[in-house]
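What follows is a single structure, written as structure tokens, with notes after it.
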Amino acid sequence: MLPLHFTVVFDLTSVLEARFLFLLRKAALQAGKPISPVTSGAVAWPNINKRSGRRRTTTHSRPRSSPTMSDCPRQAPLFSFGVIADVQYADIDDGHNFLRTRKRYYRTSVLLLRQALKSWAEAAVKPDFVLQLGDIIDGFNRRHEASERALEVVLRELSSSPAEVHHVWGNHEFYNFSRTRLLSSALNSRPDAERSLSESGTDIYAYHFSPHPGFSFIVLDAYDLSALGREESSEQYKEAMLLLRQHNDNEDLNQPAGVGLQRRFVKFNGAFSKEQLDWLDSLLSLADARGERVTIVCHLPVHPDSTDPNCLVWNFDQLLTIIRSHSSVVCYMSGHDHEGGYHLDQETGVHHVTLEGVIETPPDSNAFGTVAVYDDRMVLKGNGRIPDRVLLFPRRQSDPDRTAE
């Protein structure tokens, strides 16, 4: 975060269906924590004010009706996927974040990645794919001339994944590598050109894929306009620096200036170009017409209530406007804020999920999740620091009555 510091449909027998639900509920009970619904009561979600290092809490009001893990549909999911964020591996001793308020476990983070992969591989119902939400190795590797070596270590671990891994790029990818290098690396999981922005000859890392009929995932590039990973002579770099200088008068552009949302204008964040936003808008229009459910995946959060302002995309408001103009989007998943966060957009019913980072997770815990996808919801089963969540899809006129389950 802060600088340097498939398509498979489950066709199970009734026995396997019952086994899946039993394991899901048993794991929730053994976790010893309350199951976190997304449409009930008044639930407080913690976050961090990164200037003061103090914990702040945001409360979201929700209807009384409360879906829980025990309310999961009694059929097998359509598909499932694993999710993990901010591993930030480096072969160095433990350290702290920029404000020295939270500990970082650089060397053991890869062991937690290994445990996550082992858990997915041994699961009764294996995921169809895995979302790696960015910052797979830490920027300290560049300082120690160990970027390639560190990447080799994590790629060796990922080779044991029971399913295809879709990679998102974060700021730490660009601390270590150029955009050209990343495009030629194993961290480039873009499919064929017709499903990505590369068909227009651009180097924007954005694409989409469909793991199951009626469902699509869109990977976005939050460092399209950025001072990271762009040549200083490029128009993207020049535009990024202009934005930063307009909103941040600090000599160190990694140091936030101002208050509130103004604090997002730091060098370790970035923005979406008009080209990428137009491409997303057109994709969502097609998804609307097809009645698809779309999950958007990116390293940087875009909703102010799902993260600390320090971690927001610079032009988050433009992306939110696009999301709110389409009926197909059901969820936006991101990393970057190691404390994690969540917000349900009451206007659209879209869930904004910010995953807790592996890098700030003690070796005796973990931070990864498995998401089971049904016709009307996604069920996130968290491990370690990540809470369980039931993410109901926004209602559409064509949807069947949920009370008839």
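Each chain of the structure tokens is named A, B, ... in the order shown, its residues numbered from 1; ligands are numbered from 1 in display order.
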> Within 7 Å of Phe209 in chain A, counting only C-alpha atoms, which residues qualify if same-chain residues fewer than 5 places away don't, as number ranges by chain?
Replying inline: A: 216-218
>> Taking only range 112-242 of chain A into account, list the residues labelled strand (DSSP E or B) by DSSP (computed from the backbone), as a PyMOL selection string.
In response: chain A and resi 129-132+137+164-167+196+207-212+215-219+225
Could the residues in this selection be written to a file with C-alpha atoms, as a compact mmCIF listing (two decimals), in the first residue's frame?
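Full text of result_18.txt as output:
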```txt
# COMPACT_ATOMS: atom_id res chain seq x y z
CA PHE A 129 -10.42 -19.25 -10.27
CA VAL A 130 -8.50 -17.03 -7.85
CA LEU A 131 -8.42 -13.20 -7.75
CA GLN A 132 -5.05 -11.80 -6.65
CA ILE A 137 5.64 -8.37 -3.75
CA GLU A 164 -6.42 -20.14 -12.80
CA VAL A 165 -5.16 -16.95 -11.11
CA HIS A 166 -6.29 -13.52 -12.31
CA HIS A 167 -3.77 -10.84 -11.34
CA SER A 196 -9.24 -6.62 -23.25
CA TYR A 207 -9.90 -7.02 -19.40
CA HIS A 208 -13.02 -9.06 -18.71
CA PHE A 209 -13.91 -12.73 -18.42
CA SER A 210 -17.00 -14.85 -17.80
CA PRO A 211 -16.64 -17.86 -15.46
CA HIS A 212 -20.30 -18.84 -15.87
CA PHE A 215 -21.77 -13.56 -14.84
CA SER A 216 -18.82 -11.36 -15.82
CA PHE A 217 -15.74 -10.03 -14.05
CA ILE A 218 -13.96 -6.86 -15.19
CA VAL A 219 -10.35 -6.17 -14.16
CA LEU A 225 -2.93 7.62 -15.24
```
> Between A:Val266, A:Val297, A:Leu277, A:Ala90, which one has atoms that come closest to Glu145 in chain A, using only C-alpha atoms?
Replying inline: A:Ala90
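If only C-alpha atoms are the atoms counted, then among A:Cys311, A:Asn141, A:Ala367, A:Leu182 the closest residue to Leu117 in chain A is A:Ala367.
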> How many Å lie between CA of His172 in chain A and CA of Gly139 in chain A, rounded to one decimal?
Replying inline: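 Rounded to one decimal, the two atoms are 5.2 Å apart.
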>> One number please: CA of Gly82 in chain A to CA of Gly369 in chain A, in Å, one decimal.
In response: 5.8 Å
> CA of Leu392 in chain A and CA of Arg324 in chain A are how many Å apart?
Replying inline: 16.9 Å
Sorted by chain and rising residue number, which residues of range 293-384 of chain A lie within 12 Å of range 244-255 of chain A, and what are their closest atom pairs and distances in Å to one decimal, counting only C-alpha atoms, as JSON lines?
```
{"residue": "A:Asn310", "atom": "CA", "partner": "A:Gln255", "partner_atom": "CA", "distance": 9.4}
{"residue": "A:Cys311", "atom": "CA", "partner": "A:Asn254", "partner_atom": "CA", "distance": 11.4}
{"residue": "A:Trp314", "atom": "CA", "partner": "A:Leu244", "partner_atom": "CA", "distance": 9.2}
{"residue": "A:Asn315", "atom": "CA", "partner": "A:Leu244", "partner_atom": "CA", "distance": 11.9}
```
Any chance you could export the current selection's C-alpha atoms as a compact mmCIF listing (two decimals), in the first residue's frame?
```txt
# COMPACT_ATOMS: atom_id res chain seq x y z
CA ASN A 310 -5.62 8.05 1.45
CA CYS A 311 -6.37 4.92 -0.59
CA TRP A 314 -8.11 10.02 -7.78
CA ASN A 315 -11.19 10.13 -10.06
```
>> Under the rule that only C-alpha atoms are counted, which of A:Phe79, A:Trp279, A:Tyr205, A:Tyr342 is the nearest residue to Asp308 in chain A?
In response: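 Using only C-alpha atoms, the shortest distance to Asp308 in chain A belongs to A:Tyr342.
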> What lies within 9 Å of Asp91 in chain A using only C-alpha atoms, ignoring chain neighbours under 6 positions off, as a VMD selection string?
Replying inline: chain A and resid 106 to 108 141 146 150
Restricting the output to C-alpha atoms, write the selected residues as an mmCIF file, in the first residue's frame.
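Contents of selection39.cif, freshly written:
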```
data_model
loop_
_atom_site.group_PDB
_atom_site.id
_atom_site.type_symbol
_atom_site.label_atom_id
_atom_site.label_comp_id
_atom_site.auth_asym_id
_atom_site.auth_seq_id
_atom_site.Cartn_x
_atom_site.Cartn_y
_atom_site.Cartn_z
ATOM 1 C CA TYR A 106 7.365 -9.322 4.944
ATOM 2 C CA ARG A 107 9.072 -12.703 5.080
ATOM 3 C CA THR A 108 6.146 -14.771 6.394
ATOM 4 C CA ASN A 141 12.643 -5.631 -3.136
ATOM 5 C CA ALA A 146 15.651 -8.521 -5.371
ATOM 6 C CA ALA A 150 10.943 -12.188 -5.020
#
```
For the interface of range 142-163 of chain A with range 184-189 of chain A (cut-off 10 Å, counting only C-alpha atoms), please tabulate each contacting residue of range 142-163 of chain A alongside its nearest pair of atoms and their separation in Å to one decimal, rows sorted by chain and increasing number, as JSON lines.
```
{"residue": "A:Leu151", "atom": "CA", "partner": "A:Leu187", "partner_atom": "CA", "distance": 9.2}
{"residue": "A:Glu152", "atom": "CA", "partner": "A:Ala186", "partner_atom": "CA", "distance": 9.7}
{"residue": "A:Leu155", "atom": "CA", "partner": "A:Ala186", "partner_atom": "CA", "distance": 7.8}
```
Include N, CA and C atoms and write out the residues we just selected as a tab-separated table (two decimals), in the first residue's frame.
```
chain	number	residue	atom	x	y	z
A	151	LEU	N	9.70	-12.12	-7.10
A	151	LEU	CA	8.61	-12.52	-8.00
A	151	LEU	C	8.67	-14.02	-8.27
A	152	GLU	N	9.86	-14.54	-8.46
A	152	GLU	CA	10.03	-15.98	-8.69
A	152	GLU	C	9.51	-16.80	-7.50
A	155	LEU	N	5.63	-16.66	-7.55
A	155	LEU	CA	5.11	-17.40	-8.70
A	155	LEU	C	5.26	-18.91	-8.49
```
>> Just checking: using only C-alpha atoms, which residue out of A:Arg179, A:Arg377, A:His338, A:His303 ends up closest to His352 in chain A?
In response: A:His303
